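Visitor: Provided herewith is a single structure, encoded as C-alpha cells, for subsequent inquiry.
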Amino acid sequence: MSTTTLEAVTRGRVRRSRRRQAVLTAFCVAAATMVVVSLMAGRTFYPPGDVLRVVLGETVPGASFAVGELRLPRTVLALLTGVCFGMGGVTFQTMMRNPLASPDIIGISSAASAAAAFAIIVLGLGEAGVSVFAIVAALGVAVVIYVLSFKDGVAGTRLVLIGIGIAAMLHSATSYILNQAGQWDLQAATRWLNGSLNGSTWDESVPVLIALVVFGPVLLGQARGLTMLQLGDDTAAALGTRLELTRLVSIVSAVGLIAFATSATGPIAFVAFLAGPIAARLVGPGGSLLVPSGLVGALLVLVADFLGQFAFGTRFPVGVITGVLGAPYLIYLLVRSNRAGGSL
C-alpha cells in the first residue's frame, strides 16, 4: 500500500471516529436535556435547583412528591426501556441485514402483548404476573421463530416472513381475547397494549435495569461478530466469526432486553424499529450501532412521552406517539422494497 493511500485511509478513519464521537456526545446531551425537562415540566414547573435537591434526597415541599414520586420513576423507566428497545432492535436488524427484522415486526412484541392480554383478562393476574407472562411468551416465540427459520443457517428474509406470519396470528389472538373482556379488564389491557409510562414505579424499573446490566454487556461483547455478519455469512466465517453461536447469543440477549422492557411498559411501538436506522444515518459507516441505537431509543421514548403528555389537548400514551412516528417509515420501507422487485 502506497504512502498516499495509507494517509487517505488514516484520514478517513479519523474523520469517521470524530463524527461518531460528535454524534454520540450530541445524543447524550439531548437525552440528558430531555431528562431534566421531564423532571422540571408538568402541571407545576419546578426550577432546576428544587429538582436537584429532590434527586439528592432532600425534602422539598410539593416537589418531593411531584418530582420524586411521579416524574423521576417515569423518566428513569423511559430512559431504561428506550435503551433496551434500541439495542434489542438494532441487534436483529444488524444480524439479519434487514431493517424489517425488528421485534415490532417479527412477532416478539406481539407475543408479549397477547400473553399480557391473556394474563389480565382470562387469568386476572396483577402486574407481576402479567410481566412474567409477557417475558416468557416473548422468549418462547423468539425460539419458535428461530427454529422455524433455521435451514442450513438463519436467513434474514425467511425469519422476517415467518415472524410476520406469527405476528398476524398473535394479533388475531389478542383481538379475540379483548372481545371477551369486561369493561374494567378491557381498560387495563388496552392501557398495557398501547405502551404507557403512566403510573410508573421504582418496582417496574428495577427488573429492566437488571436486564440491561446482564444482557447489555453480553451484546456489546458480540458487537464485532454482529458487524462481521453484515458482510455476509461466508465473509464473516472467513474472518473467524462463529456464525450460529453469535446469532444465538445475540438473539437471546436482544430478546431478553425487549421482553423485560415490554413487561414494564407494554410494547412501545416502533422504538426498536426506528432507533437503528436513525443511528446509522447520523453516525455513519463503521463501528457498532449498539450504543448509538440505545441512546436514540432512549431519546425517542423521552421525547414521545413528553409530547404525549403536553403537546396536545389530551394526554396520549407514549406508544401512540411513537406509533405515529414509526408507521410512515414502515410504509416507506415496504414501498421501497416493492420498487426493488419485492425483495425484503
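Naming works like this for the C-alpha cells: A, B, ... for the chains as they're shown, residue 1 at the start of each chain, ligands 1 onward in shown order.
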For range 89-202 of chain A against range 57-68 of chain A, with a cut-off of 12 Å and counting only C-alpha atoms, what is the closest atom pair and its distance in Å to one decimal for every residue that makes the cut, ordered by chain and number, as JSON lines?

Guide:
```
{"residue": "A:Ser200", "atom": "CA", "partner": "A:Gly68", "partner_atom": "CA", "distance": 11.7}
{"residue": "A:Thr201", "atom": "CA", "partner": "A:Gly68", "partner_atom": "CA", "distance": 10.5}
{"residue": "A:Trp202", "atom": "CA", "partner": "A:Gly68", "partner_atom": "CA", "distance": 10.4}
```

Visitor: Set the distance at 9 Å and use only C-alpha atoms: which residues neighbour Arg158 in chain A once local chain neighbours fewer than 4 positions away are removed? I'd like the list as a VMD selection string.

Guide: chain A and resid 148 to 150 154 162 to 163

Visitor: Would you return as an NGL selection string the members of range 228-324 of chain A that DSSP assigns to alpha helix (DSSP H) on this structure's backbone?

Guide: :A and (228-229 or 233-238 or 243-265 or 271-283 or 290-310 or 318-324)

Visitor: Hey, which bits of range 88-171 of chain A sit within 10 Å of range 217-232 of chain A, and for each residue what's the closest pair of atoms and how far apart in Å (one decimal), counting only C-alpha atoms, rows by chain and increasing number, as a tab-separated table?

Guide:
```
residue	atom	partner	partner_atom	distance
A:Gly88	CA	A:Leu219	CA	8.8
A:Thr91	CA	A:Leu226	CA	7.5
A:Phe92	CA	A:Leu226	CA	9.4
A:Gln93	CA	A:Gln230	CA	9.5
A:Thr94	CA	A:Gln230	CA	6.4
A:Met95	CA	A:Leu226	CA	5.7
A:Met96	CA	A:Gln230	CA	7.7
A:Arg97	CA	A:Gln230	CA	5.8
A:Asn98	CA	A:Gln230	CA	9.5
```

Visitor: Kindly give the distance, in Å, that separates CA of Pro317 in chain A and CA of Ser196 in chain A, rounded to a single decimal.

Guide: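 Taking CA of Pro317 in chain A as the start and CA of Ser196 in chain A as the end point, the length is 4.9 Å.
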
Visitor: Range 185-194 of chain A: which residues within 10 Å, counting only C-alpha atoms, same-chain residues fewer than 4 positions away excluded, as a ChimeraX atom specification?

Guide: /A:109-110,112-114,116-122,124,130,174,177-181,198,262-269,316-321,323

Visitor: Would you pick out the contacts of Thr81 in chain A at 9 Å or less, using only C-alpha atoms, so that residues sharing its chain but fewer than 6 positions from it are not included, and give the list as number ranges by chain?

Guide: A: 205, 208-209, 212, 257-258, 260-262, 264-265, 268, 297-298, 301

Visitor: Store the residues picked out above, limited to C-alpha atoms, as a PDB file, in the first residue's frame.

Guide:
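Writing the result to part_31.pdb gives the following:
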```
ATOM      1  CA  SER A 205     -37.629  -0.007  36.790  1.00  0.00           C
ATOM      2  CA  VAL A 208     -35.426  -3.520  33.455  1.00  0.00           C
ATOM      3  CA  LEU A 209     -32.207  -2.180  34.960  1.00  0.00           C
ATOM      4  CA  LEU A 212     -29.832  -4.077  30.909  1.00  0.00           C
ATOM      5  CA  LEU A 257     -33.859  -6.729  26.693  1.00  0.00           C
ATOM      6  CA  ILE A 258     -37.039  -6.416  24.640  1.00  0.00           C
ATOM      7  CA  PHE A 260     -38.144  -7.049  30.159  1.00  0.00           C
ATOM      8  CA  ALA A 261     -38.732  -3.592  28.704  1.00  0.00           C
ATOM      9  CA  THR A 262     -42.078  -4.667  27.263  1.00  0.00           C
ATOM     10  CA  ALA A 264     -42.662  -2.902  32.289  1.00  0.00           C
ATOM     11  CA  THR A 265     -44.307  -0.518  29.833  1.00  0.00           C
ATOM     12  CA  ILE A 268     -43.943   0.918  22.877  1.00  0.00           C
ATOM     13  CA  GLY A 297     -34.106   4.690  21.647  1.00  0.00           C
ATOM     14  CA  ALA A 298     -33.912   6.490  24.997  1.00  0.00           C
ATOM     15  CA  VAL A 301     -39.127   7.413  24.318  1.00  0.00           C
TER      16      VAL A 301
END
```

Visitor: In Å, rounded to a single decimal, give me how far CA of Ala22 in chain A is from CA of Tyr329 in chain A.

Guide: 25.6 Å

Visitor: Find the distance between CA of Leu333 in chain A and CA of Leu289 in chain A and write it in Å to one decimal.

Guide: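 Interatomic distance here is 19.7 Å.
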